[in-house]
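Q: Got a structure for you, protein.txt, holding compact mmCIF, C-alpha atoms (C1' of nucleotides).
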# COMPACT_ATOMS: atom_id res chain seq x y z
CA MET A 1 124.22 107.29 106.04
CA PRO A 2 124.51 106.81 102.28
CA PRO A 3 121.84 104.67 100.66
CA ASN A 4 123.09 101.22 99.71
CA ILE A 5 121.89 97.65 99.49
CA GLN A 6 122.17 97.19 103.23
CA THR A 7 120.19 100.26 104.30
CA GLY A 8 117.68 99.55 101.54
CA PHE A 9 116.90 95.97 102.51
CA ARG A 10 116.89 96.89 106.16
CA ALA A 11 114.24 99.50 105.40
CA LEU A 12 112.06 96.90 103.68
CA ALA A 13 112.32 94.44 106.58
CA ASP A 14 109.56 96.14 108.59
CA PRO A 15 105.86 95.84 107.66
CA THR A 16 105.04 99.40 108.77
CA ARG A 17 107.71 100.77 106.47
CA ARG A 18 106.47 98.71 103.54
CA ASP A 19 102.96 100.03 104.23
CA ILE A 20 104.29 103.58 104.26
CA LEU A 21 105.78 103.05 100.80
CA HIS A 22 102.41 101.89 99.50
CA LEU A 23 100.71 104.90 101.04
CA LEU A 24 103.24 107.24 99.48
CA ALA A 25 102.67 105.53 96.14
CA GLY A 26 99.32 107.33 96.25
CA GLY A 27 100.99 110.70 96.64
CA GLU A 28 103.03 112.85 99.00
CA GLN A 29 101.95 112.91 102.62
CA THR A 30 102.88 114.64 105.85
CA ILE A 31 103.90 112.66 108.91
CA ALA A 32 100.63 113.60 110.59
CA GLY A 33 98.73 112.30 107.57
CA LEU A 34 100.62 109.02 107.54
CA THR A 35 100.19 108.54 111.27
CA THR A 36 96.40 108.37 110.95
CA HIS A 37 96.84 105.01 109.18
CA PHE A 38 98.79 103.38 112.00
CA ASP A 39 98.30 102.51 115.63
CA MET A 40 101.40 104.30 116.85
CA THR A 41 102.64 107.75 117.70
CA ARG A 42 103.90 110.36 115.27
CA ALA A 43 107.39 109.95 116.73
CA ALA A 44 107.39 106.26 115.81
CA VAL A 45 106.29 107.01 112.25
CA LYS A 46 108.99 109.64 112.04
CA LYS A 47 111.60 107.04 113.02
CA HIS A 48 110.39 104.76 110.26
CA LEU A 49 110.61 107.62 107.79
CA ASN A 50 114.19 108.22 108.87
CA VAL A 51 115.03 104.60 108.13
CA LEU A 52 113.31 104.85 104.75
CA SER A 53 115.20 108.04 104.05
CA ASP A 54 118.51 106.39 104.98
CA GLY A 55 117.66 103.66 102.52
CA GLY A 56 117.05 106.20 99.78
CA LEU A 57 113.43 105.15 99.44
CA VAL A 58 111.78 108.38 100.57
CA THR A 59 112.56 112.04 99.98
CA THR A 60 111.18 115.08 101.77
CA ARG A 61 110.48 118.66 100.81
CA THR A 62 109.35 121.59 102.92
CA GLN A 63 106.23 123.56 102.09
CA GLY A 64 105.33 126.17 104.65
CA ARG A 65 105.24 124.47 108.00
CA GLU A 66 104.57 121.13 106.36
CA ARG A 67 107.11 118.51 105.38
CA LEU A 68 105.90 116.43 102.47
CA ASN A 69 107.27 112.92 102.24
CA ALA A 70 107.42 111.31 98.82
CA LEU A 71 108.25 107.90 97.44
CA ASP A 72 111.71 107.73 95.89
CA PRO A 73 111.50 104.78 93.51
CA ASN A 74 115.16 105.12 92.50
CA GLY A 75 116.20 103.61 95.80
CA LEU A 76 114.24 100.47 95.02
CA GLU A 77 115.94 99.80 91.72
CA PRO A 78 119.25 98.45 93.09
CA LEU A 79 117.32 96.20 95.46
CA ARG A 80 115.30 94.72 92.64
CA ASP A 81 118.51 94.30 90.66
CA TRP A 82 120.15 92.49 93.57
CA ILE A 83 117.30 90.00 93.63
CA GLY A 84 117.33 89.94 89.84
CA PHE A 85 120.77 88.33 89.86
CA PHE A 86 119.17 85.16 91.16
CA GLU A 87 116.59 85.00 88.37
CA GLN A 88 119.04 82.96 86.31
CA PHE A 89 118.52 80.17 88.82
CA TRP A 90 114.80 79.97 88.60
CA ASP A 91 115.09 80.32 84.82
CA GLU A 92 117.71 77.58 84.94
CA LYS A 93 115.33 75.41 86.89
CA LEU A 94 112.66 75.99 84.29
CA SER A 95 114.98 75.12 81.41
CA ASN A 96 116.15 72.02 83.27
CA LEU A 97 112.57 70.98 83.64
CA LYS A 98 111.93 71.74 80.02
CA SER A 99 114.83 69.66 78.75
CA ALA A 100 113.87 66.87 81.12
CA ILE A 101 110.42 66.81 79.56
CA GLU A 102 111.75 67.06 76.04
CA SER A 103 114.15 64.14 76.53
CA LYS A 104 111.37 61.97 77.84
CA ASP A 105 110.66 60.17 74.57
CA MET B 1 106.75 79.76 110.11
CA PRO B 2 105.34 79.88 106.57
CA PRO B 3 107.37 81.82 104.03
CA ASN B 4 105.84 85.16 103.16
CA ILE B 5 106.85 88.68 102.24
CA GLN B 6 107.71 89.51 105.82
CA THR B 7 109.98 86.53 106.55
CA GLY B 8 111.52 86.92 103.12
CA PHE B 9 112.50 90.58 103.45
CA ARG B 10 113.61 90.01 106.99
CA ALA B 11 115.95 87.29 105.73
CA LEU B 12 117.48 89.70 103.20
CA ALA B 13 118.07 92.42 105.79
CA ASP B 14 121.32 90.89 107.03
CA PRO B 15 124.58 91.05 105.02
CA THR B 16 125.75 87.61 106.18
CA ARG B 17 122.53 86.06 104.93
CA ARG B 18 122.80 87.80 101.57
CA ASP B 19 126.37 86.49 101.30
CA ILE B 20 125.16 82.99 102.06
CA LEU B 21 122.71 83.20 99.19
CA HIS B 22 125.51 84.19 96.84
CA LEU B 23 127.64 81.31 98.07
CA LEU B 24 124.78 78.86 97.57
CA ALA B 25 124.29 80.24 94.07
CA GLY B 26 127.55 78.42 93.33
CA GLY B 27 126.11 75.13 94.53
CA GLU B 28 124.91 73.24 97.58
CA GLN B 29 127.03 73.50 100.70
CA THR B 30 127.13 72.10 104.20
CA ILE B 31 127.08 74.38 107.21
CA ALA B 32 130.69 73.54 107.92
CA GLY B 33 131.59 74.53 104.37
CA LEU B 34 129.72 77.82 104.58
CA THR B 35 131.26 78.63 107.95
CA THR B 36 134.78 78.73 106.49
CA HIS B 37 133.76 81.90 104.63
CA PHE B 38 132.73 83.82 107.74
CA ASP B 39 134.29 85.03 110.95
CA MET B 40 131.72 83.42 113.22
CA THR B 41 130.85 80.08 114.71
CA ARG B 42 128.96 77.27 113.02
CA ALA B 43 126.05 77.87 115.40
CA ALA B 44 125.71 81.46 114.20
CA VAL B 45 125.71 80.36 110.56
CA LYS B 46 123.10 77.77 111.42
CA LYS B 47 120.86 80.46 112.89
CA HIS B 48 121.18 82.48 109.70
CA LEU B 49 120.26 79.39 107.70
CA ASN B 50 117.17 78.95 109.86
CA VAL B 51 116.10 82.51 109.06
CA LEU B 52 116.74 81.91 105.36
CA SER B 53 114.75 78.69 105.56
CA ASP B 54 111.85 80.48 107.29
CA GLY B 55 111.89 82.96 104.43
CA GLY B 56 111.67 80.15 101.89
CA LEU B 57 115.02 81.10 100.39
CA VAL B 58 116.97 77.98 101.27
CA THR B 59 116.10 74.29 101.31
CA THR B 60 117.98 71.43 102.89
CA ARG B 61 118.40 67.75 102.13
CA THR B 62 120.15 65.04 104.07
CA GLN B 63 122.89 62.93 102.56
CA GLY B 64 124.47 60.54 104.99
CA ARG B 65 125.60 62.54 107.96
CA GLU B 66 125.74 65.70 105.87
CA ARG B 67 123.00 68.28 105.43
CA LEU B 68 123.25 70.03 102.10
CA ASN B 69 121.82 73.55 101.96
CA ALA B 70 120.63 74.82 98.61
CA LEU B 71 119.39 78.11 97.21
CA ASP B 72 115.63 78.18 96.74
CA PRO B 73 115.07 80.88 94.14
CA ASN B 74 111.31 80.51 94.29
CA GLY B 75 111.28 82.33 97.60
CA LEU B 76 112.87 85.36 95.98
CA GLU B 77 110.25 85.74 93.29
CA PRO B 78 107.47 87.26 95.45
CA LEU B 79 110.01 89.69 96.90
CA ARG B 80 111.05 90.85 93.48
CA ASP B 81 107.40 91.14 92.53
CA TRP B 82 106.68 93.24 95.60
CA ILE B 83 109.37 95.70 94.56
CA GLY B 84 108.19 95.39 90.98
CA PHE B 85 104.92 97.05 91.86
CA PHE B 86 106.77 100.31 92.30
CA GLU B 87 108.41 100.17 88.89
CA GLN B 88 105.43 102.04 87.48
CA PHE B 89 106.64 105.04 89.43
CA TRP B 90 110.11 105.16 88.10
CA ASP B 91 108.73 104.49 84.64
CA GLU B 92 106.23 107.26 85.27
CA LYS B 93 109.06 109.54 86.22
CA LEU B 94 110.83 108.73 82.98
CA SER B 95 107.74 109.36 80.90
CA ASN B 96 107.12 112.62 82.75
CA LEU B 97 110.65 113.66 81.91
CA LYS B 98 110.17 112.57 78.35
CA SER B 99 106.99 114.56 77.83
CA ALA B 100 108.59 117.54 79.53
CA ILE B 101 111.39 117.45 77.01
CA GLU B 102 109.04 116.91 74.09
CA SER B 103 106.87 119.86 75.03
CA LYS B 104 109.89 122.11 75.26
CA ASP B 105 109.50 123.63 71.80
C1' DT C 1 134.58 50.11 119.43
C1' DT C 2 136.65 54.13 119.69
C1' DG C 3 137.09 58.54 117.83
C1' DA C 4 136.52 62.28 114.76
C1' DA C 5 133.47 64.91 111.74
C1' DG C 6 128.86 67.03 110.87
C1' DT C 7 124.77 68.66 112.96
C1' DG C 8 120.84 70.43 116.03
C1' DA C 9 119.33 72.77 120.02
C1' DT C 10 119.43 75.94 123.71
C1' DA C 11 120.85 78.95 127.70
C1' DC C 12 122.99 83.06 127.92
C1' DC C 13 124.87 87.88 126.70
C1' DA C 14 125.35 92.44 124.41
C1' DA C 15 123.68 95.36 120.95
C1' DA C 16 120.13 96.94 117.88
C1' DA C 17 115.35 97.90 116.91
C1' DG C 18 110.50 99.39 117.68
C1' DG C 19 107.89 102.29 120.45
C1' DT C 20 106.39 106.02 123.99
C1' DA C 21 106.59 110.19 126.58
C1' DC C 22 108.27 114.66 126.63
C1' DC C 23 110.37 118.89 125.36
C1' DC C 24 111.09 122.59 122.30
C1' DC C 25 110.57 125.22 117.81
C1' DA C 26 108.04 127.14 113.69
C1' DT C 27 103.92 128.51 111.30
C1' DA C 28 99.11 129.32 110.37
C1' DA C 29 94.74 130.80 112.11
C1' DA C 30 91.58 132.72 115.70
C1' DT D 1 98.73 137.96 120.66
C1' DT D 2 97.06 133.60 121.70
C1' DT D 3 96.30 129.03 120.38
C1' DA D 4 96.27 125.02 117.69
C1' DT D 5 98.74 122.39 114.17
C1' DG D 6 102.96 120.30 112.10
C1' DG D 7 107.31 118.99 113.06
C1' DG D 8 112.37 117.46 115.07
C1' DG D 9 114.95 115.40 118.74
C1' DT D 10 115.93 112.39 122.53
C1' DA D 11 115.96 109.87 127.02
C1' DC D 12 114.05 105.75 128.33
C1' DC D 13 111.91 101.05 128.16
C1' DT D 14 111.05 96.40 126.24
C1' DT D 15 111.64 93.02 122.71
C1' DT D 16 114.23 91.16 119.02
C1' DT D 17 118.44 89.96 116.97
C1' DG D 18 123.25 88.39 116.14
C1' DG D 19 126.56 85.79 118.33
C1' DT D 20 129.01 82.39 121.64
C1' DA D 21 129.54 78.43 124.53
C1' DT D 22 128.16 74.07 125.45
C1' DC D 23 125.82 69.61 125.35
C1' DA D 24 123.91 65.73 122.95
C1' DC D 25 123.03 62.90 118.82
C1' DT D 26 124.44 60.53 114.38
C1' DT D 27 127.49 58.63 110.94
C1' DC D 28 131.73 57.25 108.87
C1' DA D 29 136.30 55.33 109.33
C1' DA D 30 140.26 53.27 111.68
Show me, as structure tokens, the structure contained in the file I just sent.
A:
Amino acid sequence: MPPNIQTGFRALADPTRRDILHLLAGGEQTIAGLTTHFDMTRAAVKKHLNVLSDGGLVTTRTQGRERLNALDPNGLEPLRDWIGFFEQFWDEKLSNLKSAIESKD
Amino acid sequence: MPPNIQTGFRALADPTRRDILHLLAGGEQTIAGLTTHFDMTRAAVKKHLNVLSDGGLVTTRTQGRERLNALDPNGLEPLRDWIGFFEQFWDEKLSNLKSAIESKD
DNA sequence: TTGAAGTGATACCAAAAGGTACCCCATAAA
DNA sequence: TTTATGGGGTACCTTTTGGTATCACTTCAA
């Protein structure tokens, strides 16, 4: 499944997955390591990592018998850009407010 | 349900709802008006609007017998900020690359 | 006042999602 | 060679989600 806007936003829709991203922001971690932070089984965490991987938000590398999961910030960029499109509207709102104030005299 | 990060990202996880936001970016619309753009019933669109409303992304006002749905960009801001936290990592990556190149001599 | 247009709400259905329990494989350490 | 650790995969279960059908209420117009 290629990473795209859909798989990306879907990955962010779950609180556990957002927590995982914050944990990985502190450095690479194994599944076992991540699992200690949650009240669920390793298999469940692994499923979340698969979703994050589909969304292009996490990458994995093998080191010995360990699999180190790392944050992939590149996958977040298009999501922020998608939201960014709408910034013009809150800016617009601000400028409307501004001109409303300025024309008050 | 108060708008928060969870309800916000959940609202963005569905392609129909993201399309609705783009449609509303062009101006207020009734449910009937929005429904013409999708291959589903008015009731389904209404459900999506409820989710968007829970996420604080859409507001509604009544005008006669019509209910006009409008984009609420304020709800998007905290979501963009949440993603924004991770920008330091892709910036970091860039600066790592930069220093790697600079130390190449 | 009769009817059509615009909406809200909900019972119901099928599919997707979150989670567990197991099973099996590889690797590191005793 | 055992044995414990780290991991992948999947059948299975329950809840959530996306969607439809249907009923009831309001408003505008003929």
Q: Counting only C-alpha atoms (C1' of nucleotides), find residues at most 9 Å from (128.6, 73.6, 102.3) (file frame) and give them as a list in words.
A: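 It turns out the residues near that spot are Leu23, Leu24, Gly27, Glu28, Gln29, Thr30, Ile31, Ala32, Gly33, Leu34, Thr35, Arg67, Leu68, Asn69 and Ala70 of chain B.
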Q: Using only C-alpha atoms, I'd like every residue of chain A that has an atom within 7 Å of chain B; please write them out as a PDB file with C-alpha atoms, in the frame of the given file.
A:
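The resulting file, result_17.pdb, is shown below:
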ATOM      1  CA  GLN A   6     122.170  97.190 103.230  1.00  0.00           C
ATOM      2  CA  PHE A   9     116.900  95.970 102.510  1.00  0.00           C
ATOM      3  CA  ARG A  10     116.890  96.890 106.160  1.00  0.00           C
ATOM      4  CA  LEU A  12     112.060  96.900 103.680  1.00  0.00           C
ATOM      5  CA  ALA A  13     112.320  94.440 106.580  1.00  0.00           C
ATOM      6  CA  PRO A  15     105.860  95.840 107.660  1.00  0.00           C
ATOM      7  CA  PRO A  73     111.500 104.780  93.510  1.00  0.00           C
ATOM      8  CA  ASN A  74     115.160 105.120  92.500  1.00  0.00           C
ATOM      9  CA  LEU A  76     114.240 100.470  95.020  1.00  0.00           C
ATOM     10  CA  ARG A  80     115.300  94.720  92.640  1.00  0.00           C
ATOM     11  CA  ILE A  83     117.300  90.000  93.630  1.00  0.00           C
ATOM     12  CA  PHE A  86     119.170  85.160  91.160  1.00  0.00           C
ATOM     13  CA  PHE A  89     118.520  80.170  88.820  1.00  0.00           C
ATOM     14  CA  TRP A  90     114.800  79.970  88.600  1.00  0.00           C
TER      15      TRP A  90
END
Q: If you measure from CA of Asn4 in chain B to CA of Val51 in chain B, what distance in Å do you get, rounded to one decimal?
A: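 Going from CA of Asn4 in chain B over to CA of Val51 in chain B, I get 12.1 Å.
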Q: Return chain A as a PDB file with C-alpha atoms, keeping the file's coordinate frame, after superposing it on chain B by a least-squares fit that covers all C-alpha atoms paired in order.
A:
ATOM      1  CA  MET A   1     106.734  79.770 110.087  1.00  0.00           C
ATOM      2  CA  PRO A   2     105.323  79.899 106.559  1.00  0.00           C
ATOM      3  CA  PRO A   3     107.355  81.836 104.019  1.00  0.00           C
ATOM      4  CA  ASN A   4     105.831  85.200 103.167  1.00  0.00           C
ATOM      5  CA  ILE A   5     106.861  88.715 102.262  1.00  0.00           C
ATOM      6  CA  GLN A   6     107.710  89.528 105.853  1.00  0.00           C
ATOM      7  CA  THR A   7     109.961  86.542 106.564  1.00  0.00           C
ATOM      8  CA  GLY A   8     111.518  86.951 103.124  1.00  0.00           C
ATOM      9  CA  PHE A   9     112.504  90.594 103.474  1.00  0.00           C
ATOM     10  CA  ARG A  10     113.622  90.020 107.022  1.00  0.00           C
ATOM     11  CA  ALA A  11     115.956  87.310 105.752  1.00  0.00           C
ATOM     12  CA  LEU A  12     117.485  89.703 103.220  1.00  0.00           C
ATOM     13  CA  ALA A  13     118.074  92.428 105.819  1.00  0.00           C
ATOM     14  CA  ASP A  14     121.332  90.881 107.059  1.00  0.00           C
ATOM     15  CA  PRO A  15     124.578  91.035 105.038  1.00  0.00           C
ATOM     16  CA  THR A  16     125.741  87.583 106.181  1.00  0.00           C
ATOM     17  CA  ARG A  17     122.523  86.045 104.928  1.00  0.00           C
ATOM     18  CA  ARG A  18     122.799  87.801 101.581  1.00  0.00           C
ATOM     19  CA  ASP A  19     126.371  86.497 101.307  1.00  0.00           C
ATOM     20  CA  ILE A  20     125.160  82.987 102.069  1.00  0.00           C
ATOM     21  CA  LEU A  21     122.693  83.213  99.181  1.00  0.00           C
ATOM     22  CA  HIS A  22     125.502  84.193  96.827  1.00  0.00           C
ATOM     23  CA  LEU A  23     127.626  81.315  98.063  1.00  0.00           C
ATOM     24  CA  LEU A  24     124.776  78.879  97.561  1.00  0.00           C
ATOM     25  CA  ALA A  25     124.294  80.258  94.058  1.00  0.00           C
ATOM     26  CA  GLY A  26     127.547  78.425  93.327  1.00  0.00           C
ATOM     27  CA  GLY A  27     126.116  75.133  94.516  1.00  0.00           C
ATOM     28  CA  GLU A  28     124.908  73.246  97.571  1.00  0.00           C
ATOM     29  CA  GLN A  29     127.025  73.509 100.689  1.00  0.00           C
ATOM     30  CA  THR A  30     127.131  72.105 104.197  1.00  0.00           C
ATOM     31  CA  ILE A  31     127.049  74.379 107.221  1.00  0.00           C
ATOM     32  CA  ALA A  32     130.685  73.550 107.924  1.00  0.00           C
ATOM     33  CA  GLY A  33     131.574  74.531 104.365  1.00  0.00           C
ATOM     34  CA  LEU A  34     129.718  77.823 104.594  1.00  0.00           C
ATOM     35  CA  THR A  35     131.241  78.644 107.961  1.00  0.00           C
ATOM     36  CA  THR A  36     134.757  78.725 106.504  1.00  0.00           C
ATOM     37  CA  HIS A  37     133.761  81.910 104.639  1.00  0.00           C
ATOM     38  CA  PHE A  38     132.726  83.828 107.748  1.00  0.00           C
ATOM     39  CA  ASP A  39     134.271  85.027 110.964  1.00  0.00           C
ATOM     40  CA  MET A  40     131.704  83.408 113.221  1.00  0.00           C
ATOM     41  CA  THR A  41     130.823  80.072 114.725  1.00  0.00           C
ATOM     42  CA  ARG A  42     128.927  77.265 113.042  1.00  0.00           C
ATOM     43  CA  ALA A  43     126.031  77.865 115.436  1.00  0.00           C
ATOM     44  CA  ALA A  44     125.705  81.452 114.216  1.00  0.00           C
ATOM     45  CA  VAL A  45     125.696  80.354 110.577  1.00  0.00           C
ATOM     46  CA  LYS A  46     123.093  77.758 111.435  1.00  0.00           C
ATOM     47  CA  LYS A  47     120.863  80.478 112.903  1.00  0.00           C
ATOM     48  CA  HIS A  48     121.158  82.470 109.706  1.00  0.00           C
ATOM     49  CA  LEU A  49     120.245  79.395 107.696  1.00  0.00           C
ATOM     50  CA  ASN A  50     117.163  78.954 109.852  1.00  0.00           C
ATOM     51  CA  VAL A  51     116.091  82.501 109.061  1.00  0.00           C
ATOM     52  CA  LEU A  52     116.720  81.909 105.360  1.00  0.00           C
ATOM     53  CA  SER A  53     114.751  78.697 105.563  1.00  0.00           C
ATOM     54  CA  ASP A  54     111.850  80.478 107.283  1.00  0.00           C
ATOM     55  CA  GLY A  55     111.886  82.951 104.436  1.00  0.00           C
ATOM     56  CA  GLY A  56     111.680  80.156 101.891  1.00  0.00           C
ATOM     57  CA  LEU A  57     115.017  81.113 100.383  1.00  0.00           C
ATOM     58  CA  VAL A  58     116.973  77.978 101.265  1.00  0.00           C
ATOM     59  CA  THR A  59     116.101  74.292 101.284  1.00  0.00           C
ATOM     60  CA  THR A  60     117.995  71.412 102.855  1.00  0.00           C
ATOM     61  CA  ARG A  61     118.423  67.747 102.071  1.00  0.00           C
ATOM     62  CA  THR A  62     120.174  65.011 104.011  1.00  0.00           C
ATOM     63  CA  GLN A  63     122.927  62.924 102.473  1.00  0.00           C
ATOM     64  CA  GLY A  64     124.589  60.552 104.879  1.00  0.00           C
ATOM     65  CA  ARG A  65     125.657  62.558 107.872  1.00  0.00           C
ATOM     66  CA  GLU A  66     125.759  65.718 105.800  1.00  0.00           C
ATOM     67  CA  ARG A  67     123.007  68.274 105.384  1.00  0.00           C
ATOM     68  CA  LEU A  68     123.260  70.052 102.063  1.00  0.00           C
ATOM     69  CA  ASN A  69     121.837  73.546 101.925  1.00  0.00           C
ATOM     70  CA  ALA A  70     120.646  74.830  98.572  1.00  0.00           C
ATOM     71  CA  LEU A  71     119.394  78.108  97.190  1.00  0.00           C
ATOM     72  CA  ASP A  72     115.626  78.185  96.740  1.00  0.00           C
ATOM     73  CA  PRO A  73     115.073  80.895  94.140  1.00  0.00           C
ATOM     74  CA  ASN A  74     111.283  80.518  94.311  1.00  0.00           C
ATOM     75  CA  GLY A  75     111.261  82.347  97.614  1.00  0.00           C
ATOM     76  CA  LEU A  76     112.855  85.369  95.989  1.00  0.00           C
ATOM     77  CA  GLU A  77     110.234  85.753  93.304  1.00  0.00           C
ATOM     78  CA  PRO A  78     107.470  87.277  95.470  1.00  0.00           C
ATOM     79  CA  LEU A  79     109.991  89.709  96.929  1.00  0.00           C
ATOM     80  CA  ARG A  80     111.052  90.886  93.507  1.00  0.00           C
ATOM     81  CA  ASP A  81     107.390  91.168  92.550  1.00  0.00           C
ATOM     82  CA  TRP A  82     106.675  93.269  95.634  1.00  0.00           C
ATOM     83  CA  ILE A  83     109.378  95.709  94.602  1.00  0.00           C
ATOM     84  CA  GLY A  84     108.211  95.413  91.007  1.00  0.00           C
ATOM     85  CA  PHE A  85     104.914  97.071  91.907  1.00  0.00           C
ATOM     86  CA  PHE A  86     106.788 100.324  92.362  1.00  0.00           C
ATOM     87  CA  GLU A  87     108.409 100.181  88.924  1.00  0.00           C
ATOM     88  CA  GLN A  88     105.427 102.057  87.512  1.00  0.00           C
ATOM     89  CA  PHE A  89     106.638 105.062  89.476  1.00  0.00           C
ATOM     90  CA  TRP A  90     110.118 105.182  88.132  1.00  0.00           C
ATOM     91  CA  ASP A  91     108.712 104.484  84.664  1.00  0.00           C
ATOM     92  CA  GLU A  92     106.212 107.263  85.305  1.00  0.00           C
ATOM     93  CA  LYS A  93     109.038 109.569  86.238  1.00  0.00           C
ATOM     94  CA  LEU A  94     110.812 108.707  83.024  1.00  0.00           C
ATOM     95  CA  SER A  95     107.723 109.338  80.904  1.00  0.00           C
ATOM     96  CA  ASN A  96     107.124 112.617  82.728  1.00  0.00           C
ATOM     97  CA  LEU A  97     110.635 113.631  81.908  1.00  0.00           C
ATOM     98  CA  LYS A  98     110.170 112.525  78.351  1.00  0.00           C
ATOM     99  CA  SER A  99     106.995 114.521  77.819  1.00  0.00           C
ATOM    100  CA  ALA A 100     108.584 117.506  79.518  1.00  0.00           C
ATOM    101  CA  ILE A 101     111.406 117.366  76.997  1.00  0.00           C
ATOM    102  CA  GLU A 102     109.084 116.807  74.078  1.00  0.00           C
ATOM    103  CA  SER A 103     106.903 119.797  74.988  1.00  0.00           C
ATOM    104  CA  LYS A 104     109.918 122.037  75.193  1.00  0.00           C
ATOM    105  CA  ASP A 105     109.590 123.511  71.706  1.00  0.00           C
TER     106      ASP A 105
END
Q: Near DG3 in chain C, within 12 Å and counting all atoms listed in the file, which residues show up once chain neighbours fewer than 5 positions away are dropped, as a PDB file with C-alpha atoms (C1' of nucleotides), in the frame of the given file?
A:
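The result, stored in around-v1.pdb:
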ATOM      1  C1'  DT D  27     127.490  58.630 110.940  1.00  0.00           C
ATOM      2  C1'  DC D  28     131.730  57.250 108.870  1.00  0.00           C
ATOM      3  C1'  DA D  29     136.300  55.330 109.330  1.00  0.00           C
ATOM      4  C1'  DA D  30     140.260  53.270 111.680  1.00  0.00           C
TER       5       DA D  30
END
Q: Could the residues of chain B that have an atom at most 7 Å from chain D be listed as JSON lines, each with its closest atom pair and the distance in Å to one decimal, counting all atoms listed in the file and ordered by chain and ascending residue number?
A:
{"residue": "B:Ala44", "atom": "CA", "partner": "D:DG19", "partner_atom": "C1'", "distance": 6.0}
{"residue": "B:Gly64", "atom": "CA", "partner": "D:DT27", "partner_atom": "C1'", "distance": 6.9}
{"residue": "B:Arg65", "atom": "CA", "partner": "D:DT27", "partner_atom": "C1'", "distance": 5.3}
Q: Distance CA of Thr41 in chain A-C1' of DC22 in chain C, one decimal place?
A: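 Computing the Euclidean distance for CA of Thr41 in chain A and C1' of DC22 in chain C yields 12.6 Å.
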Q: For the atom pair CA of Lys47 in chain B and CA of Asp54 in chain A, what is the interatomic distance in Å to one decimal place?
A: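 For CA of Lys47 in chain B relative to CA of Asp54 in chain A, the distance reads 27.2 Å.
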Q: For a quick check of understanding, using only C-alpha atoms (C1' of nucleotides), which of B:Pro78, B:Gln63, B:Arg17, B:Phe38 has the smallest distance to chain C?
A: B:Gln63
Q: For chain C, list the residues within 12 Å of chain A, counting only C-alpha atoms (C1' of nucleotides), and write the list as a ChimeraX atom specification.
A: /C:17-22,25-28
